[in-house]
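Undergrad: Data: model.cif, mmCIF, C-alpha atoms and all ligand atoms.
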```cif
data_query
#
loop_
_atom_site.label_atom_id
_atom_site.label_comp_id
_atom_site.auth_asym_id
_atom_site.auth_seq_id
_atom_site.Cartn_x
_atom_site.Cartn_y
_atom_site.Cartn_z
CA MET A 1 44.89 29.08 68.76
CA PRO A 2 42.03 28.64 71.20
CA THR A 3 40.47 31.63 72.90
CA ALA A 4 40.07 31.77 76.68
CA ARG A 5 36.60 30.29 76.15
CA THR A 6 37.54 27.44 73.82
CA ARG A 7 40.63 26.06 75.53
CA VAL A 8 39.97 22.47 76.62
CA VAL A 9 40.78 22.28 80.31
CA ARG A 10 40.58 18.62 81.34
CA GLU A 11 42.80 16.25 79.36
CA SER A 12 44.01 19.28 77.47
CA GLU A 13 46.25 17.13 75.23
CA ARG A 14 43.02 16.00 73.53
CA GLY A 15 42.21 19.55 72.50
CA VAL A 16 42.70 20.26 68.79
CA TYR A 17 42.35 23.73 67.37
CA ASP A 18 43.28 23.42 63.70
CA ARG A 19 40.61 24.15 61.16
CA GLU A 20 41.37 21.08 59.05
CA THR A 21 40.57 18.67 61.90
CA VAL A 22 37.46 20.64 62.78
CA ASN A 23 36.29 20.63 59.16
CA GLN A 24 36.83 16.85 58.88
CA ILE A 25 34.63 16.26 61.92
CA LEU A 26 32.00 18.72 60.70
CA ASP A 27 31.94 17.08 57.28
CA GLU A 28 31.55 13.53 58.59
CA ALA A 29 28.68 14.44 60.90
CA PHE A 30 25.49 16.26 59.98
CA LEU A 31 23.74 16.54 63.33
CA CYS A 32 24.57 19.22 65.85
CA HIS A 33 23.15 20.48 69.12
CA VAL A 34 22.48 24.20 69.30
CA GLY A 35 22.65 25.65 72.79
CA PHE A 36 21.25 29.09 73.60
CA SER A 37 19.72 30.83 76.57
CA VAL A 38 16.35 32.62 76.67
CA ASP A 39 15.40 34.53 79.83
CA GLY A 40 17.99 32.57 81.81
CA GLN A 41 16.70 29.18 80.64
CA PRO A 42 19.21 27.20 78.53
CA PHE A 43 17.85 25.21 75.58
CA VAL A 44 19.91 22.66 73.65
CA ILE A 45 18.18 21.70 70.43
CA PRO A 46 19.34 18.92 68.09
CA THR A 47 19.25 19.80 64.41
CA SER A 48 21.03 19.21 61.12
CA TYR A 49 23.57 21.51 59.51
CA GLY A 50 25.70 22.02 56.44
CA ARG A 51 29.15 23.55 56.09
CA ASP A 52 30.29 25.90 53.37
CA GLY A 53 33.89 27.04 53.87
CA ASP A 54 34.07 28.85 57.21
CA ASN A 55 30.31 29.03 57.70
CA LEU A 56 27.88 26.60 59.26
CA TYR A 57 24.28 26.78 58.05
CA ILE A 58 21.25 25.62 59.99
CA HIS A 59 17.68 25.81 58.78
CA GLY A 60 14.15 25.09 59.86
CA SER A 61 10.60 26.31 60.03
CA ALA A 62 10.39 30.10 60.14
CA ALA A 63 8.09 29.52 63.14
CA SER A 64 10.71 27.55 65.11
CA ARG A 65 11.57 29.17 68.44
CA MET A 66 15.23 28.29 67.99
CA LEU A 67 15.46 30.06 64.64
CA ARG A 68 13.39 33.05 65.79
CA GLN A 69 15.60 33.56 68.85
CA LEU A 70 18.84 32.99 67.02
CA LYS A 71 18.09 35.40 64.21
CA ASP A 72 17.88 38.18 66.82
CA GLY A 73 21.65 37.70 67.23
CA ILE A 74 21.95 35.89 70.55
CA GLN A 75 25.06 33.91 71.48
CA VAL A 76 25.03 30.22 70.61
CA CYS A 77 27.14 27.19 71.36
CA VAL A 78 26.99 24.51 68.69
CA THR A 79 28.37 21.04 69.40
CA VAL A 80 28.96 18.13 67.04
CA THR A 81 29.92 14.63 68.24
CA LEU A 82 31.16 11.55 66.42
CA LEU A 83 31.22 8.54 68.72
CA ASP A 84 33.89 6.02 67.69
CA GLY A 85 33.91 3.49 70.51
CA LEU A 86 33.37 2.45 74.10
CA VAL A 87 36.62 2.23 76.00
CA LEU A 88 36.47 -0.52 78.63
CA ALA A 89 39.14 -0.16 81.27
CA ARG A 90 40.00 -2.49 84.15
CA SER A 91 38.48 -0.10 86.67
CA ILE A 92 35.03 1.40 86.19
CA PHE A 93 36.54 4.81 86.94
CA ASN A 94 38.82 4.70 83.91
CA HIS A 95 36.12 3.72 81.41
CA SER A 96 35.89 6.22 78.62
CA MET A 97 34.78 6.73 75.02
CA ASN A 98 36.65 7.31 71.82
CA TYR A 99 35.23 10.33 70.05
CA ARG A 100 35.79 13.36 67.89
CA SER A 101 33.82 16.41 68.91
CA VAL A 102 33.62 20.08 68.02
CA VAL A 103 32.38 23.12 69.94
CA ILE A 104 31.69 26.39 68.10
CA LEU A 105 30.82 29.63 69.87
CA GLY A 106 29.38 32.66 68.18
CA LYS A 107 26.42 34.59 66.89
CA ALA A 108 24.24 33.28 64.08
CA ALA A 109 22.80 35.67 61.49
CA LEU A 110 19.67 35.34 59.39
CA VAL A 111 20.40 34.69 55.73
CA ASP A 112 17.99 37.04 53.98
CA ASN A 113 19.66 37.29 50.59
CA PRO A 114 17.55 34.94 48.40
CA ALA A 115 20.54 33.66 46.41
CA GLU A 116 22.57 32.86 49.54
CA LYS A 117 19.50 31.27 51.13
CA LEU A 118 19.06 28.92 48.18
CA THR A 119 22.79 28.15 48.13
CA ALA A 120 22.72 27.43 51.88
CA LEU A 121 19.78 25.04 51.49
CA ARG A 122 21.65 23.27 48.73
CA VAL A 123 24.77 23.10 50.94
CA LEU A 124 22.68 21.54 53.72
CA SER A 125 21.17 19.00 51.37
CA GLU A 126 24.50 18.11 49.77
CA HIS A 127 26.11 17.86 53.20
CA ILE A 128 23.59 15.24 54.31
CA ILE A 129 23.12 13.34 51.06
CA PRO A 130 25.23 14.40 48.09
CA GLN A 131 23.49 14.48 44.67
CA ARG A 132 19.98 14.48 46.15
CA TRP A 133 19.33 18.18 45.44
CA GLU A 134 19.64 17.77 41.65
CA ASP A 135 17.48 14.64 41.69
CA VAL A 136 14.38 16.19 43.32
CA ARG A 137 12.05 19.17 42.94
CA GLN A 138 13.73 22.38 44.10
CA PRO A 139 12.02 24.53 46.78
CA ASN A 140 9.30 26.89 45.51
CA GLU A 141 8.59 30.42 46.74
CA ARG A 142 6.13 29.27 49.41
CA GLU A 143 8.56 26.68 50.78
CA LEU A 144 11.42 29.17 50.78
CA LYS A 145 9.27 31.65 52.69
CA ALA A 146 8.37 29.04 55.27
CA THR A 147 12.07 28.21 55.83
CA SER A 148 14.56 30.26 57.81
CA VAL A 149 18.28 29.82 57.28
CA LEU A 150 20.94 30.98 59.71
CA ARG A 151 24.66 31.37 59.14
CA LEU A 152 27.14 30.81 61.97
CA PRO A 153 30.75 31.81 61.25
CA ILE A 154 33.18 29.05 62.29
CA GLU A 155 35.59 31.44 63.99
CA GLU A 156 35.80 30.56 67.67
CA PHE A 157 36.04 26.79 67.90
CA SER A 158 37.71 23.78 69.45
CA ALA A 159 37.81 20.07 68.79
CA LYS A 160 38.51 17.28 71.23
CA VAL A 161 39.67 13.87 70.07
CA ARG A 162 40.16 10.67 72.07
CA ILE A 163 41.61 7.65 70.33
CA GLY A 164 43.24 4.44 71.49
CA PRO A 165 43.02 1.82 74.23
CA PRO A 166 42.01 2.33 77.85
CA ILE A 167 44.41 4.04 80.21
CA ASP A 168 44.39 2.17 83.52
CA ASP A 169 46.12 2.87 86.77
CA ALA A 170 49.42 0.90 86.92
CA GLU A 171 48.24 -1.41 89.70
CA ASP A 172 45.04 -2.30 87.78
CA TYR A 173 46.79 -3.87 84.75
CA SER A 174 46.89 -7.21 86.60
CA PHE A 175 43.16 -7.12 87.45
CA PRO A 176 41.57 -10.26 85.90
CA THR A 177 39.06 -8.82 83.44
CA TRP A 178 38.79 -8.02 79.74
CA ALA A 179 39.76 -4.53 78.68
CA GLY A 180 39.76 -2.87 75.28
CA VAL A 181 37.64 -0.90 72.85
CA VAL A 182 34.20 -1.68 71.44
CA PRO A 183 34.20 0.21 68.12
CA LEU A 184 30.98 2.02 67.22
CA GLU A 185 30.04 3.46 63.86
CA MET A 186 27.00 4.73 62.02
CA LYS A 187 25.80 1.90 59.80
CA VAL A 188 23.93 2.48 56.55
CA GLY A 189 21.13 -0.03 56.06
CA GLU A 190 19.52 -1.38 52.90
CA PRO A 191 17.35 1.40 51.33
CA ILE A 192 13.58 0.80 51.70
CA SER A 193 11.61 1.98 48.66
CA ASP A 194 8.47 4.05 49.29
CA PRO A 195 5.44 1.77 48.81
CA LYS A 196 3.99 4.51 46.58
CA LEU A 197 7.00 4.43 44.23
CA GLU A 198 6.06 3.81 40.60
CA PRO A 199 7.06 0.27 39.53
CA GLY A 200 10.53 -0.13 38.07
CA ARG A 201 12.05 2.95 39.74
CA ALA A 202 15.58 1.89 40.71
CA VAL A 203 17.41 3.02 43.84
CA PRO A 204 19.91 5.68 42.68
CA GLU A 205 23.62 4.93 42.95
CA TYR A 206 24.19 7.82 45.39
CA VAL A 207 21.66 6.16 47.73
CA HIS A 208 23.12 2.67 47.31
CA SER A 209 26.66 3.83 47.97
CA TYR A 210 25.75 6.23 50.81
CA THR A 211 28.34 6.42 53.55
CA ARG A 212 29.33 8.91 56.26
CA THR A 213 32.94 7.91 56.76
CA ALA A 214 35.52 10.22 55.24
C1 LIG B 1 30.98 11.19 73.58
C2 LIG B 1 31.58 11.98 74.72
C3 LIG B 1 31.43 11.52 76.01
C4 LIG B 1 31.97 12.24 77.08
N1 LIG B 1 31.76 11.82 78.35
C5 LIG B 1 32.17 12.57 79.39
C6 LIG B 1 31.85 12.24 80.73
O1 LIG B 1 31.16 11.25 81.00
N2 LIG B 1 32.28 13.05 81.73
C7 LIG B 1 33.02 14.16 81.48
O2 LIG B 1 33.40 14.88 82.40
N3 LIG B 1 33.36 14.49 80.22
C8 LIG B 1 32.93 13.74 79.17
N4 LIG B 1 33.26 14.12 77.90
C9 LIG B 1 34.18 15.23 77.72
C10 LIG B 1 33.45 16.57 77.78
O3 LIG B 1 32.95 16.88 76.50
C11 LIG B 1 34.38 17.72 78.23
O4 LIG B 1 35.51 17.74 77.42
C12 LIG B 1 34.74 17.58 79.69
O5 LIG B 1 33.59 17.83 80.48
C13 LIG B 1 35.87 18.47 80.14
O6 LIG B 1 35.59 19.80 79.89
P1 LIG B 1 36.58 20.92 80.47
O7 LIG B 1 36.25 21.18 81.90
O8 LIG B 1 37.96 20.56 80.11
O9 LIG B 1 36.23 22.13 79.60
P2 LIG B 1 35.05 23.20 79.76
O10 LIG B 1 35.47 24.25 80.71
O11 LIG B 1 33.73 22.52 79.94
O12 LIG B 1 35.11 23.79 78.31
C14 LIG B 1 36.07 24.78 77.91
C15 LIG B 1 36.11 24.80 76.41
O13 LIG B 1 36.78 23.62 75.97
C16 LIG B 1 36.23 23.19 74.76
N5 LIG B 1 35.73 21.80 74.92
C17 LIG B 1 35.43 21.15 76.06
N6 LIG B 1 35.01 19.90 75.80
C18 LIG B 1 35.04 19.77 74.46
C19 LIG B 1 34.72 18.73 73.59
N7 LIG B 1 34.28 17.53 74.02
N8 LIG B 1 34.86 18.93 72.26
C20 LIG B 1 35.31 20.11 71.78
N9 LIG B 1 35.63 21.14 72.56
C21 LIG B 1 35.50 20.97 73.89
C22 LIG B 1 35.09 24.14 74.44
O14 LIG B 1 35.49 25.12 73.52
C23 LIG B 1 34.74 24.76 75.75
O15 LIG B 1 34.18 26.03 75.60
C24 LIG B 1 32.71 13.42 76.82
C25 LIG B 1 32.86 13.86 75.51
C26 LIG B 1 32.29 13.16 74.48
C27 LIG B 1 32.44 13.70 73.08
#
```
Can I see the file as structure tokens?
TA:
Amino acid sequence: MPTARTRVVRESERGVYDRETVNQILDEAFLCHVGFSVDGQPFVIPTSYGRDGDNLYIHGSAASRMLRQLKDGIQVCVTVTLLDGLVLARSIFNHSMNYRSVVILGKAALVDNPAEKLTALRVLSEHIIPQRWEDVRQPNERELKATSVLRLPIEEFSAKVRIGPPIDDAEDYSFPTWAGVVPLEMKVGEPISDPKLEPGRAVPEYVHSYTRTA
């Protein structure tokens, strides 16, 4: 059930609070926006994440302001959005978008246990591009030291989902214009090999078959 802070107010029928739906959205996306306030100034920083069970991991330079502030245990609001389409109604007022989005509220904690830190970095990597971690050099001590990892428990959350055609006012259905949905999706392009790649090095299968859709 939502808390008082996570209950969707407008178009409340689009609010979804089950963990399975939230996890599906979190697993299809890998970019989030982390909102936090410092001295009364809100900052909303885009970054990548990985999910492991009921925890969300974010990482970055140990010098990053976001990670320095967050590790001191301030409140954060993390949002994730998958945009599925433009919804073109007969009136400009009723235009909308089809989407699946998640909001998570809570406090992030610094992951200082070396084993959990390494696991979290692997989770992040596997979340974004499965099988890459095993195919490349693992982080060394210096790189691990330069990287901070934060863990945010996925405890207080909500999702909001809009699907389907436009919803027009009854009198507008006869208005002479096109109405419907323009689907949008993240498209994977043809991989571009690094010009410095040694000759004959093939594109791995996990790169060729990369997709974000569930
Ligand atoms: C791609 C996209 C485009 C949008 N465009 C618009 C727009 O142009 N104008 C507009 O007013 N709204 C837009 N929304 C919807 C917007 O995100 C809010 O849902 C909306 O502002 C109504 O918020 P509220 O007043 O009901 O809730 P608030 O009081 O703002 O929020 C209460 C709680 O509801 C939950 N919640 C609210 N919105 C979401 C959400 N999207 N996903 C998950 N949980 C949520 C959160 O837990 C939040 O703490 C868009 C959403 C998406 C994903």
Undergrad: Enclose all atoms of ligand LIG 1 (chain B) listed in the file in an axis-aligned box, grow every side by 3 Å, and hand back centre and edge lengths in Å to one decimal, as lines of an AutoDock Vina configuration file.
TA:
```
center_x = 34.5
center_y = 18.6
center_z = 77.1
size_x = 13.0
size_y = 20.8
size_z = 16.6
```
Undergrad: Find the residues near ligand LIG 1 (chain B). Use a cut-off of 10 Å, count all atoms listed in the file, and write them as number ranges by chain.
TA: A: 2-12, 14-17, 22, 77-86, 95-105, 156-162
Undergrad: Env of stretch 54-69 of chain A: 8 Å cut, atoms = only C-alpha atoms, seq-sep filter 5 positions within chain, self excluded. Answer as a ChimeraX atom specification.
TA: /A:38,45,47-49,74,120-121,124,145-155
Undergrad: Using all atoms listed in the file for the distances, tell me which of A:Pro130, A:Gly189, A:Pro139, A:Gly53 is nearest to A:Glu205.
TA: A:Pro130
Undergrad: Under the rule that only C-alpha atoms are counted, which of A:Arg137, A:Arg90, A:Lys196, A:His127 is the nearest residue to A:Leu31?
TA: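 Closest to A:Leu31, using only C-alpha atoms: A:His127.
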Undergrad: What is the atom CA of A:Asn94 to atom CA of A:Ile167 distance in Å?
TA: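 Going from atom CA of A:Asn94 over to atom CA of A:Ile167 covers 6.7 Å.
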Undergrad: One number please: atom CA of A:Trp133 to atom CA of A:Lys117, in Å, one decimal.
TA: 14.3 Å
Undergrad: With all atoms listed in the file as the atoms that count, which of A:Pro204, A:Gly35, A:Gly164, A:Gly40 lies nearest to A:Gly106?
TA: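 Going through A:Pro204, A:Gly35, A:Gly164, A:Gly40 one by one, the smallest distance to A:Gly106 is for A:Gly35.
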Undergrad: Since fewer atoms than expected are present, regenerate all heavy atoms for stretch 74-85 of chain A and write them as a tab-separated table (two decimals), in the frame of the given file.
TA:
```
chain	number	residue	atom	x	y	z
A	74	ILE	N	21.49	36.29	69.22
A	74	ILE	CA	21.95	35.89	70.55
A	74	ILE	C	23.13	34.92	70.41
A	74	ILE	O	23.34	34.31	69.36
A	74	ILE	CB	20.83	35.28	71.42
A	74	ILE	CG1	20.26	34.01	70.78
A	74	ILE	CG2	19.74	36.30	71.69
A	74	ILE	CD1	19.28	33.27	71.68
A	75	GLN	N	23.88	34.78	71.49
A	75	GLN	CA	25.06	33.91	71.48
A	75	GLN	C	24.63	32.45	71.46
A	75	GLN	O	23.65	32.08	72.13
A	75	GLN	CB	25.89	34.15	72.74
A	75	GLN	CG	26.53	35.52	72.82
A	75	GLN	CD	27.72	35.65	71.88
A	75	GLN	OE1	28.33	34.65	71.49
A	75	GLN	NE2	28.04	36.88	71.51
A	76	VAL	N	25.34	31.65	70.67
A	76	VAL	CA	25.03	30.22	70.61
A	76	VAL	C	26.29	29.40	70.85
A	76	VAL	O	27.41	29.88	70.66
A	76	VAL	CB	24.41	29.78	69.26
A	76	VAL	CG1	23.06	30.38	69.06
A	76	VAL	CG2	25.33	30.07	68.10
A	77	CYS	N	26.07	28.17	71.26
A	77	CYS	CA	27.14	27.19	71.36
A	77	CYS	C	26.66	25.97	70.59
A	77	CYS	O	25.64	25.38	70.94
A	77	CYS	CB	27.38	26.85	72.83
A	77	CYS	SG	28.57	25.52	73.03
A	78	VAL	N	27.36	25.65	69.52
A	78	VAL	CA	26.99	24.51	68.69
A	78	VAL	C	27.99	23.39	68.94
A	78	VAL	O	29.20	23.61	68.91
A	78	VAL	CB	26.99	24.90	67.19
A	78	VAL	CG1	26.83	23.69	66.30
A	78	VAL	CG2	25.88	25.91	66.91
A	79	THR	N	27.48	22.19	69.20
A	79	THR	CA	28.37	21.04	69.40
A	79	THR	C	28.05	19.95	68.38
A	79	THR	O	26.89	19.76	68.00
A	79	THR	CB	28.25	20.45	70.82
A	79	THR	OG1	26.94	19.93	70.99
A	79	THR	CG2	28.54	21.48	71.88
A	80	VAL	N	29.09	19.26	67.97
A	80	VAL	CA	28.96	18.13	67.04
A	80	VAL	C	29.78	16.98	67.61
A	80	VAL	O	30.91	17.20	68.06
A	80	VAL	CB	29.52	18.53	65.64
A	80	VAL	CG1	29.58	17.33	64.71
A	80	VAL	CG2	28.69	19.64	65.03
A	81	THR	N	29.21	15.78	67.63
A	81	THR	CA	29.92	14.63	68.24
A	81	THR	C	29.90	13.42	67.32
A	81	THR	O	28.83	13.04	66.83
A	81	THR	CB	29.25	14.23	69.58
A	81	THR	OG1	29.15	15.38	70.40
A	81	THR	CG2	30.06	13.16	70.29
A	82	LEU	N	31.05	12.84	67.10
A	82	LEU	CA	31.16	11.55	66.42
A	82	LEU	C	31.65	10.56	67.46
A	82	LEU	O	32.72	10.75	68.06
A	82	LEU	CB	32.16	11.61	65.27
A	82	LEU	CG	31.76	12.48	64.07
A	82	LEU	CD1	32.95	12.70	63.15
A	82	LEU	CD2	30.62	11.83	63.31
A	83	LEU	N	30.86	9.53	67.70
A	83	LEU	CA	31.22	8.54	68.72
A	83	LEU	C	31.88	7.35	68.02
A	83	LEU	O	31.28	6.73	67.15
A	83	LEU	CB	29.94	8.10	69.45
A	83	LEU	CG	30.11	7.20	70.66
A	83	LEU	CD1	31.06	7.81	71.68
A	83	LEU	CD2	28.75	6.95	71.30
A	84	ASP	N	33.12	7.05	68.39
A	84	ASP	CA	33.89	6.02	67.69
A	84	ASP	C	34.03	4.73	68.47
A	84	ASP	O	34.43	3.71	67.91
A	84	ASP	CB	35.29	6.57	67.35
A	84	ASP	CG	35.23	7.72	66.36
A	84	ASP	OD1	34.34	7.69	65.49
A	84	ASP	OD2	36.05	8.64	66.48
A	85	GLY	N	33.78	4.75	69.77
A	85	GLY	CA	33.91	3.49	70.51
A	85	GLY	C	33.72	3.66	72.00
A	85	GLY	O	33.84	4.76	72.55
```
